[in-house]
file my_file.pdb (PDB, C-alpha atoms and all ligand atoms)
MODEL        1
ATOM      1  CA  MET L   1      25.820  20.506   5.228
ATOM      2  CA  GLY L   2      26.017  23.157   2.535
ATOM      3  CA  ALA L   3      27.321  22.434  -0.958
ATOM      4  CA  PRO L   4      30.708  23.969  -1.861
ATOM      5  CA  VAL L   5      30.519  27.653  -2.655
ATOM      6  CA  ASN L   6      31.785  28.495  -6.119
ATOM      7  CA  GLY L   7      32.341  32.074  -7.282
ATOM      8  CA  GLY L   8      29.672  33.445  -4.962
ATOM      9  CA  ARG L   9      27.196  30.818  -6.168
ATOM     10  CA  ARG L  10      26.814  27.370  -4.794
ATOM     11  CA  ALA L  11      27.629  24.430  -7.040
ATOM     12  CA  VAL L  12      24.676  22.500  -8.407
ATOM     13  CA  PRO L  13      24.868  18.752  -8.827
ATOM     14  CA  ALA L  14      24.291  17.648 -12.417
ATOM     15  CA  GLY L  15      21.217  15.960 -13.856
ATOM     16  CA  SER L  16      18.981  14.072 -11.488
ATOM     17  CA  GLU L  17      21.263  15.159  -8.664
ATOM     18  CA  LEU L  18      18.692  17.871  -8.072
ATOM     19  CA  SER L  19      16.669  15.029  -6.570
ATOM     20  CA  LEU L  20      19.775  13.806  -4.734
ATOM     21  CA  ALA L  21      20.063  17.204  -3.061
ATOM     22  CA  ALA L  22      16.332  17.038  -2.303
ATOM     23  CA  GLU L  23      16.727  13.574  -0.800
ATOM     24  CA  GLN L  24      19.549  14.813   1.392
ATOM     25  CA  GLY L  25      17.387  17.706   2.576
ATOM     26  CA  ARG L  26      19.804  20.327   1.232
ATOM     27  CA  LEU L  27      17.884  21.850  -1.689
ATOM     28  CA  ALA L  28      17.950  25.329  -0.216
ATOM     29  CA  ASP L  29      21.768  25.107  -0.024
ATOM     30  CA  LEU L  30      21.882  25.156  -3.823
ATOM     31  CA  VAL L  31      21.119  28.881  -3.957
ATOM     32  CA  ASP L  32      22.433  31.991  -2.288
ATOM     33  CA  PRO L  33      21.089  32.248   1.298
ATOM     34  CA  ALA L  34      19.558  35.631   0.419
ATOM     35  CA  SER L  35      17.719  34.264  -2.649
ATOM     36  CA  PRO L  36      13.912  34.448  -2.561
ATOM     37  CA  LEU L  37      14.081  30.853  -3.781
ATOM     38  CA  VAL L  38      15.128  29.669  -0.305
ATOM     39  CA  PRO L  39      11.545  29.420   1.068
ATOM     40  CA  VAL L  40      10.341  27.905  -2.230
ATOM     41  CA  LEU L  41      13.061  25.258  -2.099
ATOM     42  CA  THR L  42      12.516  24.630   1.606
ATOM     43  CA  THR L  43       8.808  23.943   1.055
ATOM     44  CA  ALA L  44       9.425  21.919  -2.118
ATOM     45  CA  GLY L  45      12.170  19.957  -0.350
ATOM     46  CA  ARG L  46       9.870  19.080   2.532
ATOM     47  CA  ARG L  47       7.263  17.909   0.042
ATOM     48  CA  PHE L  48       9.831  15.861  -1.851
ATOM     49  CA  LEU L  49      10.676  14.019   1.356
ATOM     50  CA  ARG L  50       7.087  13.266   2.392
ATOM     51  CA  PRO L  51       6.391   9.566   3.064
ATOM     52  CA  LEU L  52       5.328   7.403   0.161
ATOM     53  CA  HIS L  53       1.593   7.886  -0.174
ATOM     54  CA  VAL L  54      -0.649   5.126  -1.509
ATOM     55  CA  GLN L  55      -4.245   5.328  -2.657
ATOM     56  CA  VAL L  56      -6.297   2.126  -2.632
ATOM     57  CA  VAL L  57      -8.875   2.033  -5.409
ATOM     58  CA  GLY L  58     -11.347  -0.533  -6.713
ATOM     59  CA  ARG L  59     -15.010  -1.300  -7.061
ATOM     60  CA  PRO L  60     -17.112  -1.041  -3.875
ATOM     61  CA  GLY L  61     -17.048  -4.175  -1.748
ATOM     62  CA  THR L  62     -13.698  -5.441  -3.024
ATOM     63  CA  GLY L  63     -12.115  -4.933   0.398
ATOM     64  CA  ARG L  64     -10.537  -1.523  -0.182
ATOM     65  CA  ASP L  65     -10.811  -0.268   3.404
ATOM     66  CA  THR L  66      -9.409  -3.539   4.737
ATOM     67  CA  LEU L  67      -6.523  -3.383   2.261
ATOM     68  CA  ALA L  68      -5.784   0.221   3.237
ATOM     69  CA  ARG L  69      -5.566  -0.920   6.857
ATOM     70  CA  ALA L  70      -3.406  -3.922   5.905
ATOM     71  CA  LEU L  71      -0.931  -1.724   4.012
ATOM     72  CA  ARG L  72      -0.720   0.651   6.965
ATOM     73  CA  GLU L  73      -0.295  -2.074   9.552
ATOM     74  CA  ARG L  74       1.952  -4.497   7.682
ATOM     75  CA  LEU L  75       4.010  -2.201   5.462
ATOM     76  CA  SER L  76       3.850   1.027   7.532
ATOM     77  CA  LEU L  77       2.706   2.972   4.486
ATOM     78  CA  SER L  78       0.768   6.203   4.408
ATOM     79  CA  VAL L  79      -2.490   5.088   2.756
ATOM     80  CA  ILE L  80      -5.866   6.484   1.855
ATOM     81  CA  GLY L  81      -8.838   4.315   1.186
ATOM     82  CA  PRO L  82     -12.112   5.003  -0.637
ATOM     83  CA  GLY L  83     -13.937   8.249  -0.026
ATOM     84  CA  GLU L  84     -11.174   9.867   1.998
ATOM     85  CA  ASP L  85      -9.918  13.412   1.707
ATOM     86  CA  ALA L  86      -9.668  14.586  -1.929
ATOM     87  CA  GLN L  87      -6.501  16.603  -1.233
ATOM     88  CA  ASP L  88      -4.918  13.493   0.230
ATOM     89  CA  ALA L  89      -5.872  11.614  -2.930
ATOM     90  CA  ALA L  90      -4.283  14.315  -5.081
ATOM     91  CA  ASP L  91      -1.003  13.692  -3.247
ATOM     92  CA  ALA L  92      -0.920   9.964  -4.010
ATOM     93  CA  ASP L  93       2.157   8.620  -5.727
ATOM     94  CA  LEU L  94       1.230   4.956  -5.926
ATOM     95  CA  TRP L  95      -2.148   3.397  -6.652
ATOM     96  CA  VAL L  96      -3.197  -0.084  -5.580
ATOM     97  CA  LEU L  97      -6.126  -1.427  -7.595
ATOM     98  CA  VAL L  98      -8.079  -4.167  -5.816
ATOM     99  CA  LEU L  99      -9.777  -6.779  -7.970
ATOM    100  CA  ALA L 100     -12.356  -9.169  -6.556
ATOM    101  CA  GLY L 101     -12.077 -11.720  -9.384
ATOM    102  CA  LEU L 102     -11.501 -11.581 -13.129
ATOM    103  CA  PRO L 103     -11.450  -7.922 -14.186
ATOM    104  CA  ARG L 104     -14.759  -6.474 -15.305
ATOM    105  CA  ARG L 105     -15.207  -3.484 -17.571
ATOM    106  CA  ALA L 106     -15.178  -1.086 -14.591
ATOM    107  CA  ASP L 107     -11.871  -2.581 -13.408
ATOM    108  CA  HIS L 108     -10.308  -2.183 -16.865
ATOM    109  CA  GLU L 109     -11.515   1.421 -17.030
ATOM    110  CA  LEU L 110     -10.155   2.207 -13.588
ATOM    111  CA  PHE L 111      -6.848   0.506 -14.339
ATOM    112  CA  SER L 112      -6.314   2.417 -17.571
ATOM    113  CA  SER L 113      -7.198   5.721 -15.870
ATOM    114  CA  LEU L 114      -4.237   5.345 -13.455
ATOM    115  CA  PRO L 115      -0.565   6.161 -14.142
ATOM    116  CA  SER L 116       0.682   2.877 -15.621
ATOM    117  CA  ASP L 117       4.168   3.171 -14.091
ATOM    118  CA  ARG L 118       2.866   3.591 -10.537
ATOM    119  CA  VAL L 119      -0.075   1.236 -10.283
ATOM    120  CA  LEU L 120      -0.117  -2.155  -8.623
ATOM    121  CA  ALA L 121      -2.994  -4.581  -9.159
ATOM    122  CA  VAL L 122      -3.913  -7.131  -6.520
ATOM    123  CA  LEU L 123      -6.472  -9.920  -6.377
ATOM    124  CA  GLY L 124      -8.070  -9.201  -3.000
ATOM    125  CA  LYS L 125      -9.863 -11.699  -0.736
ATOM    126  CA  ALA L 126      -7.548 -14.404  -2.086
ATOM    127  CA  ASP L 127      -8.604 -16.548   0.884
ATOM    128  CA  THR L 128     -12.073 -16.966  -0.618
ATOM    129  CA  HIS L 129     -10.833 -19.109  -3.508
ATOM    130  CA  GLY L 130     -10.714 -22.290  -1.433
ATOM    131  CA  ASP L 131      -6.967 -22.725  -1.417
ATOM    132  CA  TRP L 132      -4.084 -20.396  -2.143
ATOM    133  CA  ASP L 133      -3.058 -22.172  -5.370
ATOM    134  CA  SER L 134      -6.505 -21.470  -6.842
ATOM    135  CA  ALA L 135      -6.142 -17.796  -5.951
ATOM    136  CA  VAL L 136      -2.705 -17.749  -7.598
ATOM    137  CA  ALA L 137      -4.245 -19.275 -10.754
ATOM    138  CA  VAL L 138      -7.056 -16.671 -10.807
ATOM    139  CA  ALA L 139      -4.510 -13.869 -10.234
ATOM    140  CA  SER L 140      -2.513 -15.187 -13.171
ATOM    141  CA  THR L 141      -5.587 -15.079 -15.459
ATOM    142  CA  CYS L 142      -6.318 -11.554 -14.161
ATOM    143  CA  ALA L 143      -2.739 -10.587 -15.070
ATOM    144  CA  THR L 144      -3.147 -11.894 -18.621
ATOM    145  CA  ARG L 145      -6.410  -9.967 -19.066
ATOM    146  CA  LEU L 146      -5.030  -6.783 -17.542
ATOM    147  CA  GLY L 147      -1.612  -7.007 -19.186
ATOM    148  CA  ALA L 148       0.134  -6.381 -15.848
ATOM    149  CA  PRO L 149       1.150  -8.470 -12.828
ATOM    150  CA  VAL L 150      -1.616  -9.190 -10.313
ATOM    151  CA  TYR L 151      -0.667 -10.248  -6.773
ATOM    152  CA  PRO L 152      -3.036 -12.402  -4.703
ATOM    153  CA  VAL L 153      -3.609 -11.010  -1.207
ATOM    154  CA  SER L 154      -5.937 -11.655   1.699
ATOM    155  CA  GLN L 155      -6.216  -8.226   3.260
ATOM    156  CA  LEU L 156      -8.386  -9.743   5.992
ATOM    157  CA  LEU L 157      -5.673 -12.191   7.105
ATOM    158  CA  ALA L 158      -3.109  -9.397   6.889
ATOM    159  CA  CYS L 159      -5.096  -7.675   9.663
ATOM    160  CA  ALA L 160      -5.450 -10.844  11.802
ATOM    161  CA  ASP L 161      -5.376  -9.885  15.473
ATOM    162  CA  LEU L 162      -6.761 -12.800  17.492
ATOM    163  CA  ASP L 163      -7.572 -12.242  21.152
ATOM    164  CA  ALA L 164      -7.012 -14.729  23.986
ATOM    165  CA  ASP L 165     -10.593 -16.070  23.856
ATOM    166  CA  GLU L 166     -10.432 -16.670  20.126
ATOM    167  CA  PHE L 167      -7.063 -18.372  20.474
ATOM    168  CA  ALA L 168      -8.371 -20.584  23.294
ATOM    169  CA  ALA L 169     -11.436 -21.535  21.221
ATOM    170  CA  LEU L 170      -9.263 -22.416  18.210
ATOM    171  CA  THR L 171      -6.952 -24.480  20.441
ATOM    172  CA  THR L 172      -9.942 -26.390  21.862
ATOM    173  CA  LEU L 173     -11.284 -27.038  18.365
ATOM    174  CA  ALA L 174      -7.890 -28.226  17.157
ATOM    175  CA  ALA L 175      -7.508 -30.543  20.167
ATOM    176  CA  ALA L 176     -10.924 -32.040  19.356
ATOM    177  CA  GLY L 177      -9.733 -32.612  15.779
ATOM    178  CA  ALA L 178     -12.539 -30.364  14.493
ATOM    179  CA  GLY L 179     -11.804 -28.991  11.035
ATOM    180  CA  MET L 180     -13.463 -26.071   9.300
ATOM    181  CA  PRO L 181     -16.652 -27.397   7.620
ATOM    182  CA  SER L 182     -16.753 -26.831   3.855
ATOM    183  CA  MET L 183     -19.991 -24.877   4.368
ATOM    184  CA  ALA L 184     -18.958 -21.924   6.554
ATOM    185  CA  GLY L 185     -22.503 -21.717   7.999
ATOM    186  CA  ARG L 186     -22.021 -25.135   9.635
ATOM    187  CA  PHE L 187     -19.274 -23.609  11.759
ATOM    188  CA  LEU L 188     -21.925 -21.530  13.502
ATOM    189  CA  VAL L 189     -22.973 -24.073  16.119
ATOM    190  CA  GLY L 190     -24.319 -23.029  19.515
ATOM    191  CA  ARG L 191     -27.539 -21.359  20.555
ATOM    192  CA  PRO L 192     -28.222 -18.031  18.816
ATOM    193  CA  GLY L 193     -26.983 -15.332  21.171
ATOM    194  CA  SER L 194     -24.796 -17.755  23.139
ATOM    195  CA  ASP L 195     -21.133 -16.960  23.868
ATOM    196  CA  GLU L 196     -20.019 -19.891  21.754
ATOM    197  CA  ARG L 197     -22.043 -18.713  18.767
ATOM    198  CA  ARG L 198     -20.880 -15.122  19.151
ATOM    199  CA  LEU L 199     -17.264 -16.215  19.327
ATOM    200  CA  ARG L 200     -17.610 -18.339  16.189
ATOM    201  CA  GLN L 201     -19.345 -15.473  14.375
ATOM    202  CA  GLY L 202     -16.478 -13.226  15.427
ATOM    203  CA  LEU L 203     -13.893 -15.667  14.106
ATOM    204  CA  LEU L 204     -15.660 -15.892  10.743
ATOM    205  CA  ARG L 205     -15.905 -12.119  10.528
ATOM    206  CA  ARG L 206     -12.298 -11.560  11.553
ATOM    207  CA  ILE L 207     -10.384 -14.324   9.729
ATOM    208  CA  ASP L 208     -13.104 -16.100   7.708
ATOM    209  CA  ALA L 209     -13.197 -19.794   6.814
ATOM    210  CA  TYR L 210      -9.731 -20.030   5.266
ATOM    211  CA  GLY L 211      -8.178 -18.244   8.230
ATOM    212  CA  ILE L 212      -9.885 -20.613  10.673
ATOM    213  CA  ASP L 213      -8.810 -23.625   8.629
ATOM    214  CA  THR L 214      -5.213 -22.369   8.427
ATOM    215  CA  ALA L 215      -5.163 -21.541  12.139
ATOM    216  CA  LEU L 216      -6.454 -25.015  13.093
ATOM    217  CA  ALA L 217      -3.875 -26.698  10.848
ATOM    218  CA  LEU L 218      -1.063 -24.617  12.349
ATOM    219  CA  ILE L 219      -2.132 -25.385  15.928
ATOM    220  CA  GLU L 220      -2.530 -29.104  15.143
ATOM    221  CA  SER L 221       0.946 -29.227  13.621
ATOM    222  CA  GLY L 222       2.331 -27.980  16.938
ATOM    223  CA  ALA L 223       4.323 -25.367  15.054
ATOM    224  CA  PRO L 224       5.948 -22.754  17.323
ATOM    225  CA  VAL L 225       4.357 -20.079  15.107
ATOM    226  CA  ALA L 226       1.002 -21.086  16.631
ATOM    227  CA  ALA L 227       2.085 -21.067  20.287
ATOM    228  CA  THR L 228       0.243 -17.909  21.349
ATOM    229  CA  ALA L 229      -2.535 -15.661  20.027
ATOM    230  CA  LYS L 230       0.095 -13.168  18.978
ATOM    231  CA  ASP L 231       2.247 -15.767  17.205
ATOM    232  CA  LEU L 232      -0.736 -17.239  15.406
ATOM    233  CA  SER L 233      -1.930 -13.794  14.305
ATOM    234  CA  ARG L 234       1.560 -13.100  12.982
ATOM    235  CA  ALA L 235       1.590 -16.416  11.088
ATOM    236  CA  LEU L 236      -1.756 -15.551   9.460
ATOM    237  CA  GLN L 237      -0.524 -12.065   8.581
ATOM    238  CA  ASN L 238       2.585 -13.594   7.007
ATOM    239  CA  ALA L 239       0.427 -15.969   4.948
ATOM    240  CA  SER L 240      -1.713 -13.110   3.587
ATOM    241  CA  GLY L 241       0.407 -12.155   0.586
ATOM    242  CA  VAL L 242       0.546  -8.555   1.817
ATOM    243  CA  PRO L 243       4.182  -8.650   3.054
ATOM    244  CA  GLU L 244       5.135  -9.822  -0.481
ATOM    245  CA  LEU L 245       3.870  -6.505  -1.881
ATOM    246  CA  ALA L 246       6.960  -4.818  -0.437
ATOM    247  CA  GLY L 247       8.999  -6.076  -3.433
ATOM    248  CA  PRO L 248       6.817  -4.706  -6.259
ATOM    249  CA  ILE L 249       6.252  -1.469  -4.319
ATOM    250  CA  GLY L 250      10.029  -1.107  -3.927
ATOM    251  CA  GLU L 251      10.447  -1.591  -7.681
ATOM    252  CA  ARG L 252       8.292   1.479  -8.264
ATOM    253  CA  VAL L 253      10.198   3.781  -5.935
ATOM    254  CA  ALA L 254      12.496   5.015  -8.719
ATOM    255  CA  ARG L 255       9.465   6.098 -10.774
ATOM    256  CA  ILE L 256       7.918   7.758  -7.740
ATOM    257  CA  ARG L 257      11.159   9.653  -7.177
ATOM    258  CA  TYR L 258      11.180  10.656 -10.854
ATOM    259  CA  TRP L 259       7.657  12.108 -10.634
ATOM    260  CA  ARG L 260       8.523  13.918  -7.423
ATOM    261  CA  GLU L 261      11.442  15.483  -9.253
ATOM    262  CA  VAL L 262       9.080  16.511 -12.068
ATOM    263  CA  GLU L 263       6.925  18.239  -9.450
ATOM    264  CA  LEU L 264       9.984  19.907  -7.955
ATOM    265  CA  ARG L 265      11.023  21.247 -11.348
ATOM    266  CA  GLY L 266       7.477  22.506 -11.792
ATOM    267  CA  ARG L 267       7.832  24.586  -8.594
ATOM    268  CA  LEU L 268      11.125  25.998  -9.882
ATOM    269  CA  GLU L 269       9.584  26.844 -13.241
ATOM    270  CA  GLU L 270       6.721  28.651 -11.493
ATOM    271  CA  ALA L 271       9.216  30.550  -9.336
ATOM    272  CA  ALA L 272      11.218  31.541 -12.412
ATOM    273  CA  ALA L 273       8.039  32.662 -14.207
ATOM    274  CA  ALA L 274       7.097  34.733 -11.145
ATOM    275  CA  GLY L 275      10.516  36.390 -11.250
ATOM    276  CA  LEU L 276      11.753  34.936  -7.970
ATOM    277  CA  ASP L 277      15.534  34.817  -8.531
ATOM    278  CA  ARG L 278      14.839  33.859 -12.129
ATOM    279  CA  ALA L 279      18.544  33.375 -12.853
ATOM    280  CA  GLY L 280      18.985  31.057  -9.870
ATOM    281  CA  ALA L 281      15.890  29.013 -10.729
ATOM    282  CA  GLU L 282      16.863  28.702 -14.381
ATOM    283  CA  ARG L 283      20.385  27.691 -13.435
ATOM    284  CA  LEU L 284      19.046  24.898 -11.219
ATOM    285  CA  LEU L 285      16.679  23.763 -13.953
ATOM    286  CA  ALA L 286      19.367  23.868 -16.645
ATOM    287  CA  GLU L 287      21.929  22.053 -14.555
ATOM    288  CA  ALA L 288      19.344  19.463 -13.579
ATOM    289  CA  GLY L 289      18.828  18.768 -17.258
ATOM    290  CA  ALA L 290      15.332  20.230 -17.530
ATOM    291  CA  ALA L 291      16.023  23.278 -19.710
ATOM    292  CA  THR L 292      16.822  21.533 -22.979
TER     293      THR L 292
HETATM  294  N1  LIG L 301     -12.797 -13.266   3.238
HETATM  295  C1  LIG L 301     -12.365 -12.020   3.128
HETATM  296  N2  LIG L 301     -13.203 -10.984   3.337
HETATM  297  C2  LIG L 301     -12.718  -9.729   3.226
HETATM  298  C3  LIG L 301     -11.377  -9.477   2.883
HETATM  299  N3  LIG L 301     -11.195  -8.128   2.847
HETATM  300  C4  LIG L 301     -12.363  -7.568   3.161
HETATM  301  N4  LIG L 301     -13.310  -8.544   3.384
HETATM  302  C5  LIG L 301     -14.710  -8.322   3.769
HETATM  303  O1  LIG L 301     -15.367  -7.648   2.718
HETATM  304  C6  LIG L 301     -16.295  -6.698   3.235
HETATM  305  C7  LIG L 301     -16.006  -5.326   2.652
HETATM  306  O2  LIG L 301     -14.740  -4.915   3.108
HETATM  307  P1  LIG L 301     -14.232  -3.379   2.984
HETATM  308  O3  LIG L 301     -12.787  -3.400   3.325
HETATM  309  O4  LIG L 301     -15.100  -2.454   3.719
HETATM  310  O5  LIG L 301     -14.397  -3.180   1.422
HETATM  311  P2  LIG L 301     -14.739  -1.847   0.605
HETATM  312  O6  LIG L 301     -14.215  -2.031  -0.763
HETATM  313  O7  LIG L 301     -14.247  -0.655   1.386
HETATM  314  O8  LIG L 301     -16.298  -1.980   0.594
HETATM  315  P3  LIG L 301     -17.469  -0.908   0.857
HETATM  316  O9  LIG L 301     -17.042  -0.081   2.060
HETATM  317  O10 LIG L 301     -18.628  -1.790   1.114
HETATM  318  O11 LIG L 301     -17.571  -0.143  -0.410
HETATM  319  C8  LIG L 301     -16.159  -6.762   4.751
HETATM  320  O12 LIG L 301     -17.135  -7.614   5.253
HETATM  321  C9  LIG L 301     -14.801  -7.375   4.961
HETATM  322  O13 LIG L 301     -14.657  -8.077   6.156
HETATM  323  C10 LIG L 301     -10.505 -10.599   2.674
HETATM  324  O14 LIG L 301      -9.307 -10.494   2.387
HETATM  325  N5  LIG L 301     -11.069 -11.829   2.808
HETATM  326 MG    MG L 302     -15.374  -0.026   3.056
ENDMDL
END
call {"tool": "encode", "arguments": {"input": "my_file.pdb", "output": "structure tokens"}}
result
Amino acid sequence: MGAPVNGGRRAVPAGSELSLAAEQGRLADLVDPASPLVPVLTTAGRRFLRPLHVQVVGRPGTGRDTLARALRERLSLSVIGPGEDAQDAADADLWVLVLAGLPRRADHELFSSLPSDRVLAVLGKADTHGDWDSAVAVASTCATRLGAPVYPVSQLLACADLDADEFAALTTLAAAGAGMPSMAGRFLVGRPGSDERRLRQGLLRRIDAYGIDTALALIESGAPVAATAKDLSRALQNASGVPELAGPIGERVARIRYWREVELRGRLEEAAAAGLDRAGAERLLAEAGAAT
């Protein structure tokens, strides 16, 4: 729907309503249909509406690729991991910094190089701290050192996707009352190369010791959440801390919108400088509160 026409020019919403018009996909309606700004606004409007784009950063080995996958699968975000397309990285509007323990110098440097209003720090591989409370305690110390909240997550559990064989093996183990040994290596019983051994190796690789322990406890408790491979995978995903990131990400959406509006104004300023309906561009900028 077009905005009301006023004296041959279309009315412009005040202040940050430039972004409101962008959100409603009607930026181009703010100028005369014959204005050379129409294609500029159409392109800028499309860009304004692109999906939220996250870049996962951190030191090598911290679980960045796995976290990128977890954010895609659990939170349906558009995410790039390490070493992916540079142009894609340039388009990021939220950065997730993965820590693997208390922040080291490289983590501090990386953290301070990112836009402080759009960065989220997580303590990855939280399942490797023995129990979740220990991971929460480490994340809290990380937060004190970093001066920002740090959320414990197990990106591996967030990607849990057990197959029927793995579920059957876990059910058999639970029925036998077999717990996860404190030394993960002791879990690897069976002849090297045997099906049993391969399956156990697969379980360790896919959900690791804490995931196996949690899965066995859930099956033993007879909880409906552990009734099928799919249910159990879902329960592990829900215990990963990744779904809880939706809250802090949501809290940053207003800042993301603000920076997208800054970019939009930048396009208008360029158009004005290039003489493309300078009056129209300057009017939009002025009425959006940028030309002060
Ligand atoms: N226990 C556990 N292991 C994890 C977790 N996330 C990743 N890993 C393991 O850590 C290793 C590295 O994971 P990646 O996701 O490739 O990490 P990266 O930061 O991309 O590492 P590089 O590609 O080696 O630079 C793999 O063996 C993963 O299975 C987790 O949440 N828990
Ligand atoms: Mg990797």
call {"tool": "residues_near_ligand", "arguments": {"input": "my_file.pdb", "ligand": "ligand LIG 301 (chain L)", "cutoff": "8 Å", "atoms": "all atoms listed in the file", "output": "PyMOL selection string"}}
result
chain L and resi 58-68+81-82+124-128+153-158+205-210
call {"tool": "closest_residue", "arguments": {"input": "my_file.pdb", "among": "L:Leu37, L:Ser19, L:Ala90, L:Leu120", "to": "L:Arg278", "atoms": "all atoms listed in the file"}}
result
L:Leu37
call {"tool": "atom_distance", "arguments": {"input": "my_file.pdb", "atom1": "atom CA of L:Thr171", "atom2": "atom CA of L:Glu220"}}
result
8.3 Å
call {"tool": "closest_residue", "arguments": {"input": "my_file.pdb", "among": "L:Ala148, L:Ala121, L:Ala288, L:Leu268", "to": "L:Thr42", "atoms": "all atoms listed in the file"}}
result
L:Leu268
call {"tool": "atom_distance", "arguments": {"input": "my_file.pdb", "atom1": "atom CA of L:Leu71", "atom2": "atom CA of L:Gly222"}}
result
29.4 Å
call {"tool": "residues_around", "arguments": {"input": "my_file.pdb", "residues": "L:Leu276", "least_positions_apart": "5", "cutoff": "8 Å", "atoms": "all atoms listed in the file", "output": "short mmCIF file (atom, residue, chain, number, x, y, z; two decimals) with C-alpha atoms, in the coordinates of the input"}}
result
data_model
loop_
_atom_site.label_atom_id
_atom_site.label_comp_id
_atom_site.auth_asym_id
_atom_site.auth_seq_id
_atom_site.Cartn_x
_atom_site.Cartn_y
_atom_site.Cartn_z
CA PRO L 36 13.91 34.45 -2.56
CA LEU L 37 14.08 30.85 -3.78
CA ALA L 271 9.22 30.55 -9.34
CA ALA L 281 15.89 29.01 -10.73
#
call {"tool": "atom_distance", "arguments": {"input": "my_file.pdb", "atom1": "atom CA of L:Lys230", "atom2": "atom CA of L:Gln201"}}
result
20.1 Å
call {"tool": "residues_near_point", "arguments": {"input": "my_file.pdb", "point": "(-2.3, -10.7, -6.5)", "cutoff": "6 Å", "atoms": "all atoms listed in the file", "output": "number ranges by chain"}}
result
L: 122-123, 139, 150-153
call {"tool": "residues_around", "arguments": {"input": "my_file.pdb", "residues": "L:Asp161", "least_positions_apart": "3", "cutoff": "12 Å", "atoms": "all atoms listed in the file", "output": "list in words"}}
result
Ala70, Glu73, Arg74, Leu156, Leu157, Ala158, Ala164, Asp165, Glu166, Phe167, Gly202, Leu203, Arg205, Arg206, Ile207, Gly211, Thr228, Ala229, Lys230, Asp231, Leu232, Ser233, Arg234, Ala235, Leu236 and Gln237 of chain L
call {"tool": "residues_around", "arguments": {"input": "my_file.pdb", "residues": "L:Leu188", "least_positions_apart": "2", "cutoff": "8 Å", "atoms": "all atoms listed in the file", "output": "PyMOL selection string"}}
result
chain L and resi 184-186+190+197+200-201
call {"tool": "closest_residue", "arguments": {"input": "my_file.pdb", "among": "L:Val189, L:Val56, L:Ala106, L:Val38", "to": "ligand MG 302 (chain L)", "atoms": "all atoms listed in the file"}}
result
L:Val56
call {"tool": "resolve_selection", "arguments": {"input": "my_file.pdb", "expression": "the PyMOL selection byres (((chain L and resi 243-251) around 8) and not hetatm)", "output": "list in words"}}
result
Arg74, Leu75, Leu120, Tyr151, Asn238, Ser240, Gly241, Val242, Arg252, Val253 and Ala254 of chain L
